[in-house]
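What follows is the content of target-v3.pdb (PDB, C-alpha atoms).
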ATOM      1  CA  MET A   1     -47.518  22.583  -2.326
ATOM      2  CA  GLN A   2     -48.098  22.801  -6.067
ATOM      3  CA  THR A   3     -45.040  25.042  -6.509
ATOM      4  CA  ASN A   4     -42.854  22.594  -4.595
ATOM      5  CA  ASN A   5     -44.124  19.698  -6.703
ATOM      6  CA  ASP A   6     -43.314  21.687  -9.844
ATOM      7  CA  LEU A   7     -39.860  22.379  -8.446
ATOM      8  CA  ILE A   8     -39.170  18.666  -8.000
ATOM      9  CA  ARG A   9     -40.465  17.900 -11.493
ATOM     10  CA  VAL A  10     -38.308  20.511 -13.181
ATOM     11  CA  LEU A  11     -35.294  19.526 -11.088
ATOM     12  CA  THR A  12     -35.795  15.950 -12.269
ATOM     13  CA  ARG A  13     -35.868  17.157 -15.849
ATOM     14  CA  GLU A  14     -32.804  19.404 -15.476
ATOM     15  CA  GLY A  15     -30.459  16.726 -14.151
ATOM     16  CA  VAL A  16     -29.894  13.410 -12.404
ATOM     17  CA  LEU A  17     -28.486  12.209  -9.117
ATOM     18  CA  VAL A  18     -25.131  10.483  -9.418
ATOM     19  CA  ASN A  19     -23.307   8.349  -6.905
ATOM     20  CA  ALA A  20     -19.768   7.128  -7.632
ATOM     21  CA  SER A  21     -18.118   4.596  -5.352
ATOM     22  CA  VAL A  22     -14.504   3.452  -5.561
ATOM     23  CA  ARG A  23     -13.696   0.526  -3.278
ATOM     24  CA  TYR A  24     -10.410  -1.227  -2.673
ATOM     25  CA  TRP A  25      -8.799  -3.044   0.210
ATOM     26  CA  ARG A  26      -7.339  -0.398   2.483
ATOM     27  CA  GLY A  27      -4.916  -2.753   4.204
ATOM     28  CA  CYS A  28      -5.550  -1.290   7.660
ATOM     29  CA  LEU A  29      -6.110  -2.871  11.047
ATOM     30  CA  LYS A  30      -7.333  -1.304  14.262
ATOM     31  CA  LEU A  31      -5.125  -2.700  17.023
ATOM     32  CA  LYS A  32      -6.443  -3.474  20.477
ATOM     33  CA  PRO A  33      -4.357  -2.761  23.613
ATOM     34  CA  GLU A  34      -3.899  -6.488  24.296
ATOM     35  CA  ASP A  35      -2.417  -6.922  20.811
ATOM     36  CA  ILE A  36       0.654  -5.032  21.956
ATOM     37  CA  GLY A  37       0.735  -6.347  25.507
ATOM     38  CA  LEU A  38      -1.170  -3.554  27.264
ATOM     39  CA  ASP A  39      -3.921  -3.905  29.847
ATOM     40  CA  ALA A  40      -7.049  -2.444  28.280
ATOM     41  CA  ASP A  41      -8.664  -1.848  31.687
ATOM     42  CA  ALA A  42      -5.692   0.219  32.803
ATOM     43  CA  LEU A  43      -5.850   2.595  29.828
ATOM     44  CA  SER A  44      -7.837   5.797  29.596
ATOM     45  CA  LYS A  45     -10.054   5.649  26.530
ATOM     46  CA  ARG A  46     -10.344   9.438  26.679
ATOM     47  CA  LEU A  47      -6.582   9.881  26.284
ATOM     48  CA  ILE A  48      -5.247   6.821  24.457
ATOM     49  CA  SER A  49      -6.362   5.417  21.122
ATOM     50  CA  LEU A  50      -4.263   2.959  19.167
ATOM     51  CA  GLY A  51      -6.020   3.775  15.913
ATOM     52  CA  HIS A  52      -5.595   2.085  12.530
ATOM     53  CA  LYS A  53      -2.241   0.695  11.450
ATOM     54  CA  ARG A  54      -1.211  -0.157   7.919
ATOM     55  CA  LEU A  55      -0.777  -3.809   7.072
ATOM     56  CA  LEU A  56       0.911  -2.858   3.807
ATOM     57  CA  PRO A  57       3.023   0.176   2.873
ATOM     58  CA  LYS A  58       1.161   3.098   1.267
ATOM     59  CA  GLU A  59       2.764   2.538  -2.120
ATOM     60  CA  ALA A  60       0.991  -0.837  -2.458
ATOM     61  CA  THR A  61      -2.336   0.925  -3.085
ATOM     62  CA  ALA A  62      -1.039   4.346  -4.137
ATOM     63  CA  GLU A  63      -2.397   4.164  -7.703
ATOM     64  CA  LEU A  64      -5.822   3.057  -6.497
ATOM     65  CA  THR A  65      -5.839   5.866  -3.946
ATOM     66  CA  LEU A  66      -4.971   8.308  -6.729
ATOM     67  CA  VAL A  67      -7.878   7.148  -8.898
ATOM     68  CA  GLU A  68     -10.257   7.385  -5.934
ATOM     69  CA  GLY A  69      -9.118  10.934  -5.240
ATOM     70  CA  ARG A  70      -9.584  11.930  -8.863
ATOM     71  CA  VAL A  71     -13.119  10.480  -8.893
ATOM     72  CA  HIS A  72     -14.073  12.391  -5.758
ATOM     73  CA  ALA A  73     -12.537  15.595  -7.119
ATOM     74  CA  LEU A  74     -14.394  15.160 -10.425
ATOM     75  CA  ILE A  75     -17.730  14.667  -8.670
ATOM     76  CA  GLU A  76     -17.161  17.606  -6.326
ATOM     77  CA  ALA A  77     -16.225  19.954  -9.182
ATOM     78  CA  ASN A  78     -19.155  19.103 -11.456
ATOM     79  CA  THR A  79     -22.107  18.424  -9.160
ATOM     80  CA  PHE A  80     -23.994  19.781  -6.182
ATOM     81  CA  PRO A  81     -24.344  17.689  -2.987
ATOM     82  CA  PHE A  82     -27.981  16.650  -2.644
ATOM     83  CA  LEU A  83     -29.730  16.002   0.705
ATOM     84  CA  ASN A  84     -26.591  16.380   2.822
ATOM     85  CA  GLY A  85     -24.424  14.367   0.446
ATOM     86  CA  LEU A  86     -26.767  11.386   0.058
ATOM     87  CA  ALA A  87     -26.039  11.749  -3.650
ATOM     88  CA  HIS A  88     -24.857  14.505  -6.002
ATOM     89  CA  PHE A  89     -27.038  16.431  -8.439
ATOM     90  CA  LEU A  90     -25.562  16.460 -11.937
ATOM     91  CA  PRO A  91     -26.967  19.033 -14.408
ATOM     92  CA  ASN A  92     -27.780  17.606 -17.837
ATOM     93  CA  ALA A  93     -25.214  19.861 -19.492
ATOM     94  CA  LYS A  94     -22.441  18.063 -17.593
ATOM     95  CA  LEU A  95     -23.829  14.532 -17.916
ATOM     96  CA  GLY A  96     -21.983  13.410 -21.042
ATOM     97  CA  GLU A  97     -18.676  14.940 -20.013
ATOM     98  CA  LEU A  98     -18.734  13.547 -16.474
ATOM     99  CA  THR A  99     -19.849  10.025 -17.334
ATOM    100  CA  GLY A 100     -17.255   9.879 -20.101
ATOM    101  CA  THR A 101     -14.478  10.917 -17.722
ATOM    102  CA  LEU A 102     -15.707   8.404 -15.133
ATOM    103  CA  LYS A 103     -15.428   5.627 -17.727
ATOM    104  CA  GLU A 104     -11.823   6.662 -18.379
ATOM    105  CA  LEU A 105     -11.082   6.635 -14.653
ATOM    106  CA  GLU A 106     -12.683   3.214 -14.341
ATOM    107  CA  SER A 107     -10.280   1.919 -16.988
ATOM    108  CA  GLU A 108      -7.414   3.438 -15.001
ATOM    109  CA  TYR A 109      -8.739   1.780 -11.836
ATOM    110  CA  TRP A 110      -8.767  -1.803 -13.087
ATOM    111  CA  LEU A 111      -5.133  -1.810 -14.223
ATOM    112  CA  PRO A 112      -3.620  -1.290 -10.733
ATOM    113  CA  GLN A 113      -6.390  -3.485  -9.269
ATOM    114  CA  HIS A 114      -5.312  -6.426 -11.421
ATOM    115  CA  GLN A 115      -1.672  -5.708 -10.628
ATOM    116  CA  PHE A 116      -2.383  -5.586  -6.891
ATOM    117  CA  LEU A 117      -4.142  -8.949  -6.966
ATOM    118  CA  ALA A 118      -1.253 -10.433  -8.929
ATOM    119  CA  ASP A 119       1.260  -9.080  -6.387
ATOM    120  CA  TYR A 120      -0.845  -9.743  -3.286
ATOM    121  CA  ALA A 121       0.900 -12.942  -2.157
ATOM    122  CA  ARG A 122       4.314 -11.293  -2.453
ATOM    123  CA  LEU A 123       3.175  -8.081  -0.738
ATOM    124  CA  ARG A 124       1.664 -10.089   2.109
ATOM    125  CA  ALA A 125       4.828 -12.124   2.611
ATOM    126  CA  GLU A 126       7.065  -9.027   2.563
ATOM    127  CA  ALA A 127       4.769  -7.189   4.980
ATOM    128  CA  THR A 128       4.833 -10.131   7.383
ATOM    129  CA  ILE A 129       8.632 -10.027   7.467
ATOM    130  CA  GLU A 130       8.591  -6.272   8.165
ATOM    131  CA  TRP A 131       5.959  -6.654  10.873
ATOM    132  CA  ARG A 132       7.972  -9.442  12.543
ATOM    133  CA  ALA A 133      11.061  -7.244  12.764
ATOM    134  CA  MET A 134       8.988  -4.397  14.191
ATOM    135  CA  ALA A 135       7.032  -6.598  16.623
ATOM    136  CA  GLU A 136      10.211  -7.994  18.131
ATOM    137  CA  LYS A 137      11.265  -4.451  19.001
ATOM    138  CA  LEU A 138       7.918  -3.117  20.197
ATOM    139  CA  VAL A 139       6.100  -5.791  22.194
ATOM    140  CA  VAL A 140       6.827  -8.445  24.778
ATOM    141  CA  ASP A 141       4.898 -11.132  22.894
ATOM    142  CA  PRO A 142       5.630 -10.584  19.171
ATOM    143  CA  GLU A 143       3.994 -13.858  18.129
ATOM    144  CA  LYS A 144       0.630 -12.693  19.459
ATOM    145  CA  LEU A 145       0.826  -9.457  17.511
ATOM    146  CA  LEU A 146       1.958 -11.308  14.377
ATOM    147  CA  ALA A 147      -0.970 -13.696  14.657
ATOM    148  CA  THR A 148      -3.331 -10.702  14.784
ATOM    149  CA  ILE A 149      -1.635  -9.130  11.755
ATOM    150  CA  GLU A 150      -1.697 -12.300   9.690
ATOM    151  CA  ALA A 151      -5.358 -12.948  10.524
ATOM    152  CA  ALA A 152      -6.224  -9.479   9.221
ATOM    153  CA  PHE A 153      -5.022 -10.317   5.701
ATOM    154  CA  PRO A 154      -7.888 -11.698   3.576
ATOM    155  CA  GLN A 155      -7.307 -15.000   1.835
ATOM    156  CA  PRO A 156      -6.230 -14.467  -1.812
ATOM    157  CA  GLU A 157      -9.375 -16.107  -3.189
ATOM    158  CA  ARG A 158     -11.546 -13.642  -1.205
ATOM    159  CA  MET A 159      -9.587 -10.505  -2.011
ATOM    160  CA  ALA A 160     -11.420  -9.586  -5.244
ATOM    161  CA  LYS A 161     -14.680  -8.875  -3.390
ATOM    162  CA  HIS A 162     -13.017  -5.881  -1.692
ATOM    163  CA  PHE A 163     -12.731  -4.048  -5.032
ATOM    164  CA  SER A 164     -15.373  -2.285  -7.103
ATOM    165  CA  PHE A 165     -15.909   0.796  -9.251
ATOM    166  CA  ASP A 166     -19.600   1.695  -9.347
ATOM    167  CA  VAL A 167     -21.408   4.635 -10.907
ATOM    168  CA  GLN A 168     -25.164   4.880 -10.376
ATOM    169  CA  LEU A 169     -27.607   7.437 -11.782
ATOM    170  CA  PHE A 170     -30.961   8.161 -10.132
ATOM    171  CA  GLN A 171     -34.005  10.284 -10.791
ATOM    172  CA  ILE A 172     -35.534  12.414  -8.042
ATOM    173  CA  SER A 173     -39.066  11.378  -7.170
ATOM    174  CA  LEU A 174     -41.552  11.619  -4.339
ATOM    175  CA  PRO A 175     -42.683   8.470  -2.528
ATOM    176  CA  GLU A 176     -46.205   7.509  -3.578
ATOM    177  CA  SER A 177     -46.891   4.397  -1.562
ATOM    178  CA  LEU A 178     -45.237   1.697   0.505
ATOM    179  CA  ALA A 179     -45.812  -1.992  -0.145
ATOM    180  CA  LEU A 180     -47.935  -3.724   2.485
ATOM    181  CA  GLU A 181     -46.897  -7.054   3.914
ATOM    182  CA  LEU A 182     -49.541  -7.593   6.558
ATOM    183  CA  VAL A 183     -49.262 -10.054   9.392
ATOM    184  CA  SER A 184     -52.983 -10.237  10.029
ATOM    185  CA  THR A 185     -56.226  -8.700   8.806
ATOM    186  CA  GLU A 186     -56.754  -6.950  12.136
ATOM    187  CA  GLU A 187     -53.543  -4.984  11.693
ATOM    188  CA  GLN A 188     -54.295  -3.923   8.129
ATOM    189  CA  GLN A 189     -55.937  -0.575   8.782
ATOM    190  CA  GLY A 190     -53.345   0.523  11.330
ATOM    191  CA  VAL A 191     -50.454  -0.428   9.045
ATOM    192  CA  ILE A 192     -52.000   1.402   6.097
ATOM    193  CA  GLN A 193     -52.436   4.568   8.150
ATOM    194  CA  ALA A 194     -48.932   4.397   9.626
ATOM    195  CA  ARG A 195     -47.348   3.880   6.246
ATOM    196  CA  GLN A 196     -49.418   6.594   4.640
ATOM    197  CA  ARG A 197     -48.252   9.026   7.326
ATOM    198  CA  ALA A 198     -44.659   7.955   6.625
ATOM    199  CA  VAL A 199     -45.146   8.629   2.899
ATOM    200  CA  GLU A 200     -46.616  12.073   3.551
ATOM    201  CA  GLU A 201     -43.875  13.015   6.001
ATOM    202  CA  ALA A 202     -41.149  11.813   3.643
ATOM    203  CA  GLY A 203     -42.719  13.692   0.750
ATOM    204  CA  ASN A 204     -42.989  16.911   2.720
ATOM    205  CA  LYS A 205     -39.372  16.644   3.825
ATOM    206  CA  ILE A 206     -38.140  16.058   0.274
ATOM    207  CA  ARG A 207     -40.142  19.075  -0.924
ATOM    208  CA  ARG A 208     -38.632  21.305   1.766
ATOM    209  CA  ASP A 209     -35.143  19.952   1.228
ATOM    210  CA  THR A 210     -35.414  20.345  -2.541
ATOM    211  CA  GLU A 211     -36.266  24.033  -2.227
ATOM    212  CA  ALA A 212     -33.312  24.538   0.135
ATOM    213  CA  PHE A 213     -31.093  22.537  -2.216
ATOM    214  CA  VAL A 214     -31.812  24.747  -5.232
ATOM    215  CA  ALA A 215     -31.199  27.867  -3.127
ATOM    216  CA  ASP A 216     -27.905  26.408  -1.873
ATOM    217  CA  CYS A 217     -26.793  25.641  -5.441
ATOM    218  CA  ILE A 218     -27.447  29.239  -6.488
ATOM    219  CA  ALA A 219     -25.511  30.558  -3.495
ATOM    220  CA  SER A 220     -22.682  28.085  -4.091
ATOM    221  CA  LEU A 221     -22.080  29.254  -7.676
ATOM    222  CA  ARG A 222     -22.127  32.869  -6.527
ATOM    223  CA  GLU A 223     -19.642  32.078  -3.746
ATOM    224  CA  GLN A 224     -17.386  30.296  -6.226
ATOM    225  CA  THR A 225     -17.479  33.389  -8.441
ATOM    226  CA  ALA A 226     -16.358  35.607  -5.552
ATOM    227  CA  GLN A 227     -13.653  33.154  -4.504
ATOM    228  CA  LEU A 228     -12.216  32.977  -8.009
ATOM    229  CA  CYS A 229     -12.122  36.778  -8.281
ATOM    230  CA  ASP A 230     -10.297  37.013  -4.945
ATOM    231  CA  GLU A 231      -7.779  34.371  -6.036
ATOM    232  CA  MET A 232      -7.199  36.183  -9.338
ATOM    233  CA  LEU A 233      -6.646  39.475  -7.534
ATOM    234  CA  HIS A 234      -4.168  37.838  -5.163
ATOM    235  CA  SER A 235      -2.299  36.357  -8.122
ATOM    236  CA  ILE A 236      -2.197  39.674 -10.002
ATOM    237  CA  ASN A 237      -1.009  41.618  -6.950
ATOM    238  CA  SER A 238       1.534  39.088  -5.684
ATOM    239  CA  CYS A 239       2.923  37.559  -8.859
ATOM    240  CA  GLN A 240       6.034  39.177 -10.263
ATOM    241  CA  THR A 241       4.626  38.774 -13.758
ATOM    242  CA  GLY A 242       1.475  40.669 -12.819
ATOM    243  CA  VAL A 243      -1.336  39.490 -15.068
ATOM    244  CA  HIS A 244      -0.648  35.956 -16.218
ATOM    245  CA  GLN A 245      -2.515  34.288 -19.089
ATOM    246  CA  LYS A 246      -3.282  31.286 -16.877
ATOM    247  CA  THR A 247      -5.083  33.631 -14.506
ATOM    248  CA  LEU A 248      -7.302  34.965 -17.292
ATOM    249  CA  ASN A 249      -7.898  31.452 -18.608
ATOM    250  CA  ARG A 250      -9.176  30.397 -15.179
ATOM    251  CA  LEU A 251     -11.936  32.985 -15.443
ATOM    252  CA  ILE A 252     -12.758  31.985 -19.015
ATOM    253  CA  ASN A 253     -13.025  28.327 -18.004
ATOM    254  CA  PHE A 254     -15.083  29.225 -14.939
ATOM    255  CA  ILE A 255     -17.604  31.149 -17.028
ATOM    256  CA  ASP A 256     -18.000  28.119 -19.311
ATOM    257  CA  GLN A 257     -18.377  25.901 -16.241
ATOM    258  CA  PHE A 258     -20.937  28.287 -14.743
ATOM    259  CA  LYS A 259     -23.102  28.057 -17.865
ATOM    260  CA  GLN A 260     -23.159  24.268 -17.602
ATOM    261  CA  MET A 261     -23.821  24.216 -13.860
ATOM    262  CA  ASN A 262     -26.417  27.017 -13.852
ATOM    263  CA  PHE A 263     -29.440  24.697 -14.061
ATOM    264  CA  ALA A 264     -31.479  27.047 -11.828
ATOM    265  CA  ASN A 265     -31.165  29.824 -14.433
ATOM    266  CA  ASP A 266     -29.460  32.469 -12.285
ATOM    267  CA  THR A 267     -29.669  35.102 -15.006
ATOM    268  CA  VAL A 268     -28.339  37.939 -12.835
ATOM    269  CA  MET A 269     -25.037  36.211 -12.083
ATOM    270  CA  ALA A 270     -24.825  34.919 -15.636
ATOM    271  CA  GLU A 271     -25.200  38.454 -17.014
ATOM    272  CA  GLN A 272     -22.459  39.712 -14.676
ATOM    273  CA  LEU A 273     -20.088  37.043 -15.970
ATOM    274  CA  ASN A 274     -21.029  37.625 -19.606
ATOM    275  CA  THR A 275     -20.283  41.337 -19.192
ATOM    276  CA  ILE A 276     -16.881  40.525 -17.714
ATOM    277  CA  ARG A 277     -16.148  38.185 -20.598
ATOM    278  CA  GLN A 278     -17.113  40.692 -23.269
ATOM    279  CA  ASP A 279     -15.440  43.709 -21.672
ATOM    280  CA  LEU A 280     -12.278  42.246 -20.160
ATOM    281  CA  LEU A 281     -11.379  38.844 -21.554
ATOM    282  CA  SER A 282     -10.845  39.885 -25.153
ATOM    283  CA  ARG A 283      -7.410  41.213 -24.143
ATOM    284  CA  THR A 284      -4.374  39.010 -23.599
ATOM    285  CA  ALA A 285      -2.300  38.995 -20.438
ATOM    286  CA  LYS A 286       0.517  40.756 -22.275
ATOM    287  CA  GLU A 287      -1.829  43.565 -23.291
ATOM    288  CA  TYR A 288      -2.783  44.033 -19.647
ATOM    289  CA  ARG A 289       0.857  44.044 -18.565
ATOM    290  CA  ASP A 290       1.677  46.683 -21.179
ATOM    291  CA  ASN A 291      -1.295  48.921 -20.376
ATOM    292  CA  ASP A 292      -1.637  50.253 -16.818
ATOM    293  CA  PHE A 293      -5.078  51.712 -17.496
ATOM    294  CA  ALA A 294      -6.398  48.379 -18.754
ATOM    295  CA  ARG A 295      -4.799  46.522 -15.850
ATOM    296  CA  ASN A 296      -6.364  48.857 -13.298
ATOM    297  CA  ARG A 297      -9.737  48.436 -14.978
ATOM    298  CA  LEU A 298      -9.372  44.662 -14.780
ATOM    299  CA  VAL A 299      -8.496  44.831 -11.077
ATOM    300  CA  ASP A 300     -11.384  47.195 -10.318
ATOM    301  CA  SER A 301     -13.844  45.011 -12.201
ATOM    302  CA  LEU A 302     -12.695  41.881 -10.376
ATOM    303  CA  HIS A 303     -13.082  43.686  -7.044
ATOM    304  CA  GLN A 304     -16.577  44.804  -8.022
ATOM    305  CA  LEU A 305     -17.609  41.349  -9.252
ATOM    306  CA  SER A 306     -16.263  39.731  -6.076
ATOM    307  CA  ASN A 307     -18.183  42.110  -3.830
ATOM    308  CA  THR A 308     -21.351  41.752  -5.904
ATOM    309  CA  ALA A 309     -21.156  37.957  -5.883
ATOM    310  CA  LYS A 310     -20.620  37.888  -2.117
ATOM    311  CA  GLU A 311     -23.644  40.087  -1.541
ATOM    312  CA  MET A 312     -25.766  38.036  -3.923
ATOM    313  CA  ALA A 313     -24.716  34.815  -2.185
ATOM    314  CA  LYS A 314     -26.182  36.171   1.072
ATOM    315  CA  GLN A 315     -29.490  37.200  -0.491
ATOM    316  CA  ASP A 316     -32.713  35.284  -0.033
ATOM    317  CA  ALA A 317     -33.069  33.140  -3.172
ATOM    318  CA  THR A 318     -36.729  32.257  -2.610
ATOM    319  CA  GLU A 319     -37.941  34.324  -5.565
ATOM    320  CA  LEU A 320     -35.390  32.793  -7.912
ATOM    321  CA  VAL A 321     -36.229  29.282  -6.700
ATOM    322  CA  GLN A 322     -39.948  29.903  -7.243
ATOM    323  CA  ARG A 323     -39.269  31.297 -10.710
ATOM    324  CA  PHE A 324     -37.278  28.161 -11.496
ATOM    325  CA  GLY A 325     -40.236  25.990 -10.461
ATOM    326  CA  GLU A 326     -42.734  28.159 -12.356
ATOM    327  CA  LEU A 327     -40.587  27.986 -15.473
ATOM    328  CA  GLY A 328     -40.742  24.229 -15.233
ATOM    329  CA  ARG A 329     -44.519  24.264 -14.917
ATOM    330  CA  ARG A 330     -44.889  26.485 -17.989
ATOM    331  CA  LYS A 331     -42.628  24.197 -20.015
ATOM    332  CA  PHE A 332     -44.553  21.120 -18.917
ATOM    333  CA  ASN A 333     -47.854  22.764 -19.825
ATOM    334  CA  LEU A 334     -46.538  23.693 -23.275
ATOM    335  CA  ALA A 335     -45.362  20.150 -23.840
ATOM    336  CA  ALA A 336     -48.674  18.667 -22.722
TER     337      ALA A 336
END
Could you render the structure as structure tokens?
Amino acid sequence: MQTNNDLIRVLTREGVLVNASVRYWRGCLKLKPEDIGLDADALSKRLISLGHKRLLPKEATAELTLVEGRVHALIEANTFPFLNGLAHFLPNAKLGELTGTLKELESEYWLPQHQFLADYARLRAEATIEWRAMAEKLVVDPEKLLATIEAAFPQPERMAKHFSFDVQLFQISLPESLALELVSTEEQQGVIQARQRAVEEAGNKIRRDTEAFVADCIASLREQTAQLCDEMLHSINSCQTGVHQKTLNRLINFIDQFKQMNFANDTVMAEQLNTIRQDLLSRTAKEYRDNDFARNRLVDSLHQLSNTAKEMAKQDATELVQRFGELGRRKFNLAA
């Protein structure tokens, strides 16, 4: 128990939980069978689903969709999913870079948001005309479908509430107690016991999940190392140029990224990457293309690193996780 508590404490010190949410009006409506003149009772729900239909063309929110995608990609590339994606763990080394980039993306978000709100009345009117032309071709009662479509458009004065760009940072902590709002004195003891059991169960689950989380992060970085090596080998073997400088730069950038993401102090994988950097990345792509011996050595080393990383990703990381927690305890004791 003490080791798990230390693990949570050092994890809290090594990073934060981040949650980024990009909201905008999607402009979609889920049609019902009766909206298009079909008998719902006569349809098989197992075989037929009308699904969501766009109220506006995709280009109306294309820039907002692009910003949302970039935010998600940024979070995915620089964090680890925590507790099944409840939030994302962000190592301290990446905190300044990621929050700075998120602020830039937020600035990019509000420009198309303001433009969309300014154009909303026009977009709504144009969409209504398009839907009318389509409804007259598709359904027996176009006015009924049009009424459903028009009702799905929010009023202009209520549209702004559908938009937000939120970034929240959290610390990891164990529950200590739950506030008591007692209905009667007779219930007090039972409520206290029930809530105390809930606290203990929640704490135990977080401890177990935290240990699994750290192990998963270690395995994930090792898997990413193997995947990059495989992609580099494919590029070298299939590209007409052979060794391209962009291919080498990918490995250089990955090693820098690994250092920032390696909060669990996976020294074995870090040493493997440092060796690769010292031995192989001092040459340029042109030097590899002009030297068959050097090129073959690069290919062999990438094969070896890929295989090693794959094997390491499958290994039990319990010892490394415990060492991470123990390191945190020693540092806390020194600081005390």
Worksheet item: What do you get, as a PyMOL selection string, if you spell out every residue that the PyMOL selection byres ((chain A and resi 15) around 12) selects here?
Response: chain A and resi 8-14+16-18+78-80+82+88-96+169-172+260-264
Output C-alpha atoms for every residue in the selection just made, as a JSON list (two decimals), in the coordinates of the input.
[["chain", "number", "residue", "atom", "x", "y", "z"],
["A", 8, "ILE", "CA", -39.17, 18.67, -8.00],
["A", 9, "ARG", "CA", -40.47, 17.90, -11.49],
["A", 10, "VAL", "CA", -38.31, 20.51, -13.18],
["A", 11, "LEU", "CA", -35.29, 19.53, -11.09],
["A", 12, "THR", "CA", -35.80, 15.95, -12.27],
["A", 13, "ARG", "CA", -35.87, 17.16, -15.85],
["A", 14, "GLU", "CA", -32.80, 19.40, -15.48],
["A", 16, "VAL", "CA", -29.89, 13.41, -12.40],
["A", 17, "LEU", "CA", -28.49, 12.21, -9.12],
["A", 18, "VAL", "CA", -25.13, 10.48, -9.42],
["A", 78, "ASN", "CA", -19.16, 19.10, -11.46],
["A", 79, "THR", "CA", -22.11, 18.42, -9.16],
["A", 80, "PHE", "CA", -23.99, 19.78, -6.18],
["A", 82, "PHE", "CA", -27.98, 16.65, -2.64],
["A", 88, "HIS", "CA", -24.86, 14.50, -6.00],
["A", 89, "PHE", "CA", -27.04, 16.43, -8.44],
["A", 90, "LEU", "CA", -25.56, 16.46, -11.94],
["A", 91, "PRO", "CA", -26.97, 19.03, -14.41],
["A", 92, "ASN", "CA", -27.78, 17.61, -17.84],
["A", 93, "ALA", "CA", -25.21, 19.86, -19.49],
["A", 94, "LYS", "CA", -22.44, 18.06, -17.59],
["A", 95, "LEU", "CA", -23.83, 14.53, -17.92],
["A", 96, "GLY", "CA", -21.98, 13.41, -21.04],
["A", 169, "LEU", "CA", -27.61, 7.44, -11.78],
["A", 170, "PHE", "CA", -30.96, 8.16, -10.13],
["A", 171, "GLN", "CA", -34.01, 10.28, -10.79],
["A", 172, "ILE", "CA", -35.53, 12.41, -8.04],
["A", 260, "GLN", "CA", -23.16, 24.27, -17.60],
["A", 261, "MET", "CA", -23.82, 24.22, -13.86],
["A", 262, "ASN", "CA", -26.42, 27.02, -13.85],
["A", 263, "PHE", "CA", -29.44, 24.70, -14.06],
["A", 264, "ALA", "CA", -31.48, 27.05, -11.83]]
Discussion item. Nearest residue to Glu104 (chain A) out of A:Val22, A:Ala294, A:Cys239, A:Val71, using all atoms listed in the file?
Written reply: A:Val71
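For Cys28 (chain A), the residues within 6 Å (counting only C-alpha atoms, excluding itself and residues fewer than 2 positions away along the chain) are Arg26, His52, Lys53, Arg54 and Leu55 of chain A.
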Discussion item. On this structure, the PyMOL selection byres ((chain A and resi 152) around 10) would catch which residues? List them as a PyMOL selection string, sorted by chain and number.
Written reply: chain A and resi 27-30+55+146-151+153-155
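Between CA of Asn19 (chain A) and CA of Ala87 (chain A) there is a distance of 5.4 Å.
Residue membership of the PyMOL selection byres ((chain A and resi 106) around 10) in the shown file amounts to Val22, Val67, Glu68, Val71, Gly100, Thr101, Leu102, Lys103, Glu104, Leu105, Ser107, Glu108, Tyr109, Trp110, Leu111, Ser164, Phe165, Asp166 and Val167 of chain A.
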Calculate, to one decimal in Å, the centre and edge lengths of the box along x, y and z of the file that holds all listed atoms of region 251-267 of chain A with 5 Å of margin on each side, and present them as AutoDock Vina command-line options.
--center_x -21.7 --center_y 29.7 --center_z -15.6 --size_x 29.5 --size_y 20.9 --size_z 17.5
